[in-house]
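Engineer: For reference, this is model-v3.txt, and it has compact mmCIF, C-alpha atoms and all ligand atoms.
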# COMPACT_ATOMS: atom_id res chain seq x y z
CA MET A 1422 25.95 -10.18 10.56
CA GLN A 1423 23.04 -7.86 11.36
CA ARG A 1424 19.93 -9.82 12.52
CA VAL A 1425 16.83 -7.85 11.64
CA THR A 1426 13.27 -9.14 12.04
CA ILE A 1427 10.26 -8.27 9.90
CA SER A 1428 8.90 -6.13 12.73
CA GLN A 1429 12.19 -4.24 13.16
CA ALA A 1430 12.61 -3.72 9.42
CA LEU A 1431 9.11 -2.24 9.17
CA THR A 1432 9.61 0.02 12.20
CA PHE A 1433 12.83 1.31 10.66
CA ALA A 1434 11.30 1.88 7.20
CA CYS A 1435 8.08 3.49 8.48
CA ARG A 1436 10.02 6.49 9.72
CA ASP A 1437 11.12 7.37 6.19
CA ILE A 1438 8.41 6.13 3.84
CA GLY A 1439 5.32 5.42 5.96
CA ARG A 1440 3.74 2.08 6.87
CA VAL A 1441 1.72 1.44 3.69
CA ASP A 1442 4.69 1.80 1.34
CA ALA A 1443 7.01 -0.05 3.74
CA CYS A 1444 4.64 -3.03 3.90
CA MET A 1445 4.23 -3.16 0.10
CA LEU A 1446 7.99 -3.07 -0.46
CA LEU A 1447 8.72 -5.71 2.18
CA GLN A 1448 5.96 -7.95 0.80
CA HIS A 1449 7.63 -7.60 -2.58
CA VAL A 1450 11.09 -8.49 -1.22
CA LEU A 1451 9.77 -11.51 0.70
CA ASP A 1452 7.27 -12.46 -2.03
CA ALA A 1453 4.72 -12.73 0.77
CA ALA A 1454 1.15 -11.60 1.47
CA GLN A 1455 0.48 -8.76 3.89
CA ALA A 1456 -0.90 -11.29 6.40
CA HIS A 1457 2.54 -12.92 6.48
CA LEU A 1458 4.11 -9.70 7.77
CA LEU A 1459 1.54 -9.57 10.58
CA THR A 1460 1.75 -13.22 11.54
CA HIS A 1461 5.56 -13.57 11.35
CA PRO A 1462 6.89 -10.40 13.05
CA ASP A 1463 9.93 -12.27 14.45
CA GLN A 1464 11.10 -13.81 11.16
CA ILE A 1465 14.73 -12.85 10.49
CA LEU A 1466 15.47 -11.32 7.08
CA SER A 1467 18.35 -12.88 5.16
CA ALA A 1468 21.26 -10.59 4.28
CA GLN A 1469 20.06 -10.47 0.67
CA GLN A 1470 16.49 -9.63 1.68
CA LEU A 1471 17.68 -6.87 4.00
CA GLU A 1472 19.92 -5.38 1.34
CA ALA A 1473 17.14 -5.50 -1.27
CA PHE A 1474 14.70 -3.85 1.16
CA GLN A 1475 17.17 -1.09 2.06
CA CYS A 1476 17.82 -0.44 -1.61
CA LEU A 1477 14.07 -0.09 -2.32
CA ILE A 1478 13.60 2.24 0.66
CA LYS A 1479 16.34 4.47 -0.67
CA ARG A 1480 14.77 4.63 -4.14
CA ARG A 1481 11.36 5.34 -2.58
CA ILE A 1482 12.89 8.20 -0.56
CA ASP A 1483 14.23 9.49 -3.90
CA GLY A 1484 10.60 9.58 -5.09
CA VAL A 1485 10.36 6.49 -7.33
CA PRO A 1486 6.70 5.32 -7.27
CA VAL A 1487 6.05 2.10 -5.33
CA ALA A 1488 4.45 0.50 -8.41
CA TYR A 1489 7.67 0.93 -10.39
CA LEU A 1490 9.67 -0.54 -7.49
CA THR A 1491 7.45 -3.61 -7.13
CA GLY A 1492 6.75 -3.84 -10.88
CA GLU A 1493 3.00 -4.26 -10.42
CA ARG A 1494 -0.23 -2.46 -9.61
CA ALA A 1495 -3.73 -3.71 -8.77
CA PHE A 1496 -6.41 -2.42 -11.15
CA TYR A 1497 -10.07 -3.41 -10.94
CA ASP A 1498 -9.83 -7.12 -10.04
CA LEU A 1499 -6.52 -7.72 -11.84
CA THR A 1500 -2.84 -7.35 -11.05
CA LEU A 1501 -0.95 -5.72 -13.91
CA ILE A 1502 2.77 -5.52 -14.46
CA VAL A 1503 4.04 -1.97 -14.91
CA ASN A 1504 7.36 -0.30 -15.62
CA GLU A 1505 8.66 3.19 -16.43
CA ALA A 1506 7.27 2.91 -19.99
CA VAL A 1507 3.65 3.06 -18.83
CA LEU A 1508 1.39 5.24 -16.74
CA ILE A 1509 0.63 3.62 -13.39
CA PRO A 1510 -3.09 2.76 -13.65
CA ARG A 1511 -5.20 5.01 -11.40
CA PRO A 1512 -8.29 4.10 -9.35
CA GLU A 1513 -10.26 6.88 -11.14
CA THR A 1514 -9.90 4.96 -14.40
CA GLU A 1515 -11.99 2.13 -12.93
CA LEU A 1516 -14.98 4.48 -13.44
CA LEU A 1517 -14.33 4.46 -17.18
CA VAL A 1518 -14.21 0.65 -17.12
CA ASP A 1519 -17.47 0.46 -15.12
CA LEU A 1520 -19.24 2.73 -17.60
CA ALA A 1521 -17.86 0.78 -20.56
CA LEU A 1522 -18.97 -2.57 -19.10
CA GLN A 1523 -22.51 -1.20 -18.69
CA LEU A 1524 -22.63 -0.59 -22.44
CA ILE A 1525 -21.17 -3.93 -23.57
CA PRO A 1526 -23.52 -6.93 -23.76
CA LEU A 1527 -22.32 -10.14 -22.12
CA ASP A 1528 -23.80 -12.49 -24.66
CA ARG A 1529 -22.80 -11.19 -28.07
CA SER A 1530 -19.88 -9.87 -30.03
CA PHE A 1531 -19.10 -6.15 -29.59
CA ARG A 1532 -16.17 -4.25 -31.07
CA VAL A 1533 -14.30 -2.11 -28.54
CA LEU A 1534 -11.34 0.22 -29.16
CA ASP A 1535 -9.04 1.48 -26.38
CA LEU A 1536 -6.89 4.42 -27.52
CA GLY A 1537 -3.63 4.96 -25.59
CA THR A 1538 -3.74 1.62 -23.83
CA GLY A 1539 -0.44 1.86 -21.89
CA SER A 1540 -0.27 -1.16 -19.56
CA GLY A 1541 -3.55 -2.34 -21.09
CA ALA A 1542 -5.47 -1.59 -17.89
CA ILE A 1543 -8.72 -0.58 -19.63
CA ALA A 1544 -8.55 -2.90 -22.65
CA ILE A 1545 -7.53 -6.00 -20.71
CA THR A 1546 -10.12 -5.48 -17.96
CA ILE A 1547 -12.87 -5.04 -20.55
CA ALA A 1548 -11.67 -8.06 -22.54
CA LYS A 1549 -11.59 -10.18 -19.38
CA HIS A 1550 -15.08 -9.18 -18.23
CA ARG A 1551 -16.68 -9.34 -21.68
CA PRO A 1552 -15.16 -12.45 -23.30
CA GLN A 1553 -17.53 -12.21 -26.29
CA SER A 1554 -16.22 -8.75 -27.20
CA GLN A 1555 -13.35 -8.08 -29.60
CA VAL A 1556 -11.07 -5.47 -28.08
CA THR A 1557 -8.44 -3.49 -30.03
CA ALA A 1558 -5.78 -1.63 -28.04
CA VAL A 1559 -3.69 1.15 -29.63
CA ASP A 1560 -0.59 2.89 -28.35
CA VAL A 1561 2.15 4.94 -29.99
CA SER A 1562 4.83 3.67 -27.60
CA PRO A 1563 6.51 0.35 -28.51
CA ALA A 1564 7.67 -0.07 -24.90
CA ALA A 1565 4.11 0.40 -23.60
CA MET A 1566 2.85 -2.11 -26.18
CA ALA A 1567 5.35 -4.65 -24.83
CA VAL A 1568 3.97 -4.20 -21.29
CA CYS A 1569 0.39 -4.53 -22.55
CA ARG A 1570 1.30 -7.68 -24.50
CA GLN A 1571 2.92 -9.21 -21.41
CA ASN A 1572 -0.13 -8.41 -19.26
CA ALA A 1573 -2.48 -9.92 -21.83
CA GLN A 1574 -0.33 -13.06 -21.94
CA ASN A 1575 -0.08 -13.35 -18.14
CA LEU A 1576 -3.86 -12.99 -17.81
CA GLN A 1577 -4.59 -15.33 -20.73
CA ILE A 1578 -6.60 -12.76 -22.68
CA ASP A 1579 -7.32 -13.97 -26.21
CA ASN A 1580 -9.95 -11.45 -27.40
CA LEU A 1581 -7.50 -8.54 -27.62
CA SER A 1582 -5.56 -7.23 -30.66
CA LEU A 1583 -2.71 -4.78 -30.26
CA VAL A 1584 -2.04 -2.05 -32.80
CA MET A 1585 0.99 0.21 -32.62
CA GLY A 1586 0.46 3.70 -34.00
CA SER A 1587 -0.93 7.13 -33.36
CA TRP A 1588 -4.62 7.20 -32.41
CA PHE A 1589 -6.68 6.20 -35.49
CA ASP A 1590 -3.80 6.25 -38.01
CA GLU A 1591 -3.60 2.45 -38.38
CA LEU A 1592 -7.38 1.89 -38.25
CA SER A 1593 -8.42 3.19 -41.63
CA GLY A 1594 -11.91 1.91 -42.54
CA GLU A 1595 -12.45 0.20 -39.17
CA ARG A 1596 -15.50 0.90 -37.01
CA PHE A 1597 -16.24 0.06 -33.39
CA ASP A 1598 -19.33 -0.16 -31.21
CA LEU A 1599 -17.50 1.56 -28.37
CA ILE A 1600 -14.35 3.69 -28.23
CA VAL A 1601 -12.78 4.31 -24.81
CA SER A 1602 -9.69 6.32 -23.94
CA ASN A 1603 -7.76 7.73 -21.04
CA PRO A 1604 -5.53 9.97 -23.17
CA PRO A 1605 -2.81 12.35 -21.97
CA TYR A 1606 -4.66 15.40 -20.64
CA VAL A 1607 -2.28 17.41 -18.45
CA ALA A 1608 -1.40 20.90 -19.71
CA GLY A 1609 2.27 21.06 -20.74
CA ASN A 1610 3.07 23.82 -18.22
CA ASP A 1611 1.18 22.24 -15.29
CA PRO A 1612 3.57 22.30 -12.28
CA HIS A 1613 2.21 18.90 -11.14
CA LEU A 1614 4.31 17.32 -13.91
CA GLN A 1615 7.38 18.16 -11.79
CA GLN A 1616 5.90 16.72 -8.58
CA GLY A 1617 5.32 13.30 -6.95
CA ASP A 1618 4.90 10.17 -9.06
CA LEU A 1619 4.31 12.21 -12.26
CA ARG A 1620 8.05 13.08 -12.41
CA PHE A 1621 8.81 9.42 -13.09
CA GLU A 1622 5.98 8.62 -15.52
CA PRO A 1623 6.42 8.93 -19.31
CA GLN A 1624 5.69 12.44 -20.62
CA VAL A 1625 3.98 10.91 -23.67
CA ALA A 1626 1.39 9.43 -21.28
CA LEU A 1627 0.70 12.68 -19.47
CA SER A 1628 1.04 15.97 -21.24
CA ALA A 1629 -1.12 17.18 -24.09
CA GLY A 1630 -0.51 20.66 -25.44
CA ASP A 1631 -0.91 24.02 -23.76
CA ASP A 1632 -4.41 23.42 -22.37
CA GLY A 1633 -4.25 19.62 -22.00
CA LEU A 1634 -7.04 19.17 -24.57
CA PHE A 1635 -4.94 18.40 -27.65
CA CYS A 1636 -5.41 14.61 -27.60
CA ILE A 1637 -9.02 14.75 -26.39
CA ASN A 1638 -9.85 17.13 -29.23
CA HIS A 1639 -8.14 14.88 -31.79
CA ILE A 1640 -9.97 11.77 -30.55
CA ILE A 1641 -13.41 13.42 -30.42
CA HIS A 1642 -12.92 14.98 -33.84
CA ASN A 1643 -11.96 11.69 -35.52
CA ALA A 1644 -14.10 9.21 -33.55
CA PRO A 1645 -17.22 9.60 -35.76
CA ASP A 1646 -15.29 8.07 -38.69
CA HIS A 1647 -14.67 4.96 -36.57
CA LEU A 1648 -17.96 4.40 -34.74
CA THR A 1649 -20.88 2.23 -35.81
CA GLU A 1650 -24.41 3.64 -35.79
CA ASN A 1651 -25.40 4.19 -32.15
CA GLY A 1652 -21.76 3.65 -31.14
CA TRP A 1653 -20.43 5.27 -27.96
CA LEU A 1654 -17.32 7.28 -27.13
CA LEU A 1655 -16.17 7.50 -23.49
CA LEU A 1656 -13.19 9.59 -22.41
CA GLU A 1657 -11.45 10.11 -19.10
CA HIS A 1658 -10.30 13.72 -18.60
CA GLY A 1659 -8.92 16.20 -16.10
CA TYR A 1660 -10.88 17.56 -13.13
CA ASP A 1661 -11.69 20.82 -14.97
CA GLN A 1662 -12.18 19.52 -18.53
CA ALA A 1663 -15.72 18.05 -18.42
CA SER A 1664 -17.47 21.05 -19.88
CA ALA A 1665 -14.87 21.51 -22.65
CA CYS A 1666 -15.26 17.80 -23.52
CA ARG A 1667 -19.04 18.05 -23.68
CA GLN A 1668 -18.74 21.07 -25.97
CA LEU A 1669 -16.36 19.18 -28.28
CA LEU A 1670 -18.76 16.22 -28.36
CA GLN A 1671 -21.64 18.54 -29.20
CA ASP A 1672 -19.60 20.14 -32.00
CA ARG A 1673 -19.27 16.68 -33.57
CA ASP A 1674 -23.03 15.98 -33.30
CA PHE A 1675 -22.88 13.36 -30.54
CA SER A 1676 -26.15 12.64 -28.68
CA ASN A 1677 -26.82 11.58 -25.08
CA ILE A 1678 -23.78 13.59 -23.97
CA CYS A 1679 -23.07 13.11 -20.29
CA SER A 1680 -20.31 13.52 -17.68
CA HIS A 1681 -19.85 11.13 -14.77
CA PRO A 1682 -18.29 11.81 -11.34
CA ASP A 1683 -15.57 9.70 -9.75
CA LEU A 1684 -15.70 8.64 -6.09
CA ALA A 1685 -14.43 12.07 -5.04
CA GLY A 1686 -17.38 13.71 -6.85
CA ILE A 1687 -15.17 15.11 -9.62
CA MET A 1688 -16.52 14.90 -13.19
CA ARG A 1689 -13.96 12.48 -14.60
CA VAL A 1690 -15.46 10.73 -17.63
CA SER A 1691 -17.51 12.27 -20.44
CA GLY A 1692 -19.04 10.63 -23.45
CA GLY A 1693 -21.73 10.53 -26.03
CA GLN A 1694 -23.44 8.39 -28.63
CA LEU A 1695 -23.24 8.72 -32.40
CA LYS A 1696 -26.78 8.29 -33.67
CA PHE A 1697 -25.97 8.41 -37.39
CA VAL A 1698 -22.83 7.18 -39.08
CA LYS A 1699 -20.93 9.98 -40.75
C1 LIG A 1701 -2.81 8.58 -19.62
S1 LIG A 1701 -1.97 7.23 -20.39
C2 LIG A 1701 -3.24 5.98 -20.20
C3 LIG A 1701 -2.71 4.58 -20.08
C4 LIG A 1701 -3.79 3.53 -19.76
N1 LIG A 1701 -4.84 3.54 -20.75
C5 LIG A 1701 -4.39 3.80 -18.39
O1 LIG A 1701 -5.51 4.27 -18.32
O2 LIG A 1701 -3.72 3.52 -17.40
C6 LIG A 1701 -2.04 7.69 -22.07
C7 LIG A 1701 -1.47 6.69 -23.07
O3 LIG A 1701 -1.61 7.27 -24.38
C8 LIG A 1701 -0.48 6.92 -25.14
N2 LIG A 1701 -0.36 7.89 -26.25
C9 LIG A 1701 0.15 9.15 -26.23
N3 LIG A 1701 0.09 9.70 -27.44
C10 LIG A 1701 -0.47 8.78 -28.26
C11 LIG A 1701 -0.79 8.76 -29.64
N4 LIG A 1701 -0.53 9.80 -30.43
N5 LIG A 1701 -1.37 7.65 -30.15
C12 LIG A 1701 -1.63 6.58 -29.36
N6 LIG A 1701 -1.33 6.53 -28.03
C13 LIG A 1701 -0.76 7.62 -27.50
C14 LIG A 1701 0.68 6.96 -24.17
O4 LIG A 1701 1.79 6.20 -24.65
C15 LIG A 1701 0.01 6.37 -22.91
O5 LIG A 1701 0.19 4.98 -22.85
Written as structure tokens, how would this file's structure read?

Structural biologist:
Amino acid sequence: MQRVTISQALTFACRDIGRVDACMLLQHVLDAAQAHLLTHPDQILSAQQLEAFQCLIKRRIDGVPVAYLTGERAFYDLTLIVNEAVLIPRPETELLVDLALQLIPLDRSFRVLDLGTGSGAIAITIAKHRPQSQVTAVDVSPAAMAVCRQNAQNLQIDNLSLVMGSWFDELSGERFDLIVSNPPYVAGNDPHLQQGDLRFEPQVALSAGDDGLFCINHIIHNAPDHLTENGWLLLEHGYDQASACRQLLQDRDFSNICSHPDLAGIMRVSGGQLKFVK
């Protein structure tokens, strides 16, 4: 039988998939922390562990995102389960969460709506950090809803309601103090959809009409019917969509319209406040 140590397995894998991915996959196979890989370089992998690791390396070489291979992704201060039914939560989306948390009081009830919740990254993080708030999470995909439900259960979130349906369709008559969304915003003909991780992520989570603004437009247009007086709408969008979003918000009479840059300096989240209920 082949005797392969942690150090040898990593050296072998690094050539094909790089050290970061190799470490994450081996940690997953061994169910161990990264420190374990560093402190136990001479540990021999069992035949099963070696086979599982080789299988993951092959799928990674084929392009499958690491998060789908390990079944989890860190977001904010949480670890979320993910699978092929949901978008892999992105670091940029933490900006949207930061901005939302600034608007939500810690000490009183506040109604929050997350449209297109996917894994529940935004809704669950808000619910966790603002336990007095009542968060509603909507998604059109039953498989995504199942992932969100599992994450909420794993993280013992009890101030979250899940609603399956398209955008506001199942929320007739309901109003919220804050609506947040990271909707699909990639143009249907964008070549990036055929590249990298995006090839493996659900199309329903990514593409939105010819210019990528279809869902954003729908949400901004309908949000006033579902916001309380002085309620806020915050949307994540593409790197070149900030000015179009601000225009759409203006067209619907939002006030305090503003765009916010992510860590790379790209305007990534835009929003506004509804001063008077429509
Ligand atoms: C870009 S993903 C965002 C997922 C998650 N909120 C995040 O930030 O990681 C967009 C989500 O919108 C959902 N979606 C697409 N069309 C929808 C619709 N008509 N109504 C509700 N959700 C929709 C997709 O299923 C997907 O989960």

Engineer: Show me which residues sit within 8 Å of ligand LIG 1701 (chain A) when counting only C-alpha atoms and all ligand atoms, and put them as a VMD selection string.

Structural biologist: chain A and resid 1506 to 1511 1514 1535 to 1544 1559 to 1562 1565 1585 to 1589 1602 to 1606 1623 1625 to 1627 1636

Engineer: When you count all atoms listed in the file, which of these residues is closest to A:Glu1472: A:Ala1430, A:Ile1687, A:Ile1438, A:Ala1495?

Structural biologist: A:Ala1430

Engineer: Ranking A:Gly1630, A:Val1690, A:Thr1500, A:Ala1443 by minimum distance to A:Lys1479 and counting all atoms listed in the file, which one comes first?

Structural biologist: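 Counting all atoms listed in the file, the residue closest to A:Lys1479 is A:Ala1443.
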
Engineer: Would you give me, as a Markdown table, each residue of stretch 1440-1547 of chain A having an atom within 10 Å of an atom of stretch 1657-1664 of chain A, along with its shortest atom pair and that distance in Å to one decimal, using all atoms listed in the file and sorting by chain and residue number?

Structural biologist:
| residue | atom | partner | partner_atom | distance |
| --- | --- | --- | --- | --- |
| A:Glu1513 | CA | A:Glu1657 | CA | 8.7 |
| A:Thr1514 | CA | A:Glu1657 | CA | 7.1 |
| A:Leu1516 | CA | A:Glu1657 | CA | 8.7 |
| A:Leu1517 | CA | A:Glu1657 | CA | 6.6 |

Engineer: What's around A:Glu1595 at 10 Å? Count all atoms listed in the file, leave out sequence neighbours fewer than 6 positions away in its own chain, and write the answer as a PDB file with C-alpha atoms, in the frame of the given file.

Structural biologist:
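Result file follows (out_22.pdb):
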ATOM      1  CA  ARG A1532     -16.170  -4.250 -31.070  1.00  0.00           C
ATOM      2  CA  PHE A1589      -6.680   6.200 -35.490  1.00  0.00           C
ATOM      3  CA  ASP A1646     -15.290   8.070 -38.690  1.00  0.00           C
ATOM      4  CA  HIS A1647     -14.670   4.960 -36.570  1.00  0.00           C
ATOM      5  CA  LEU A1648     -17.960   4.400 -34.740  1.00  0.00           C
ATOM      6  CA  THR A1649     -20.880   2.230 -35.810  1.00  0.00           C
TER       7      THR A1649
END
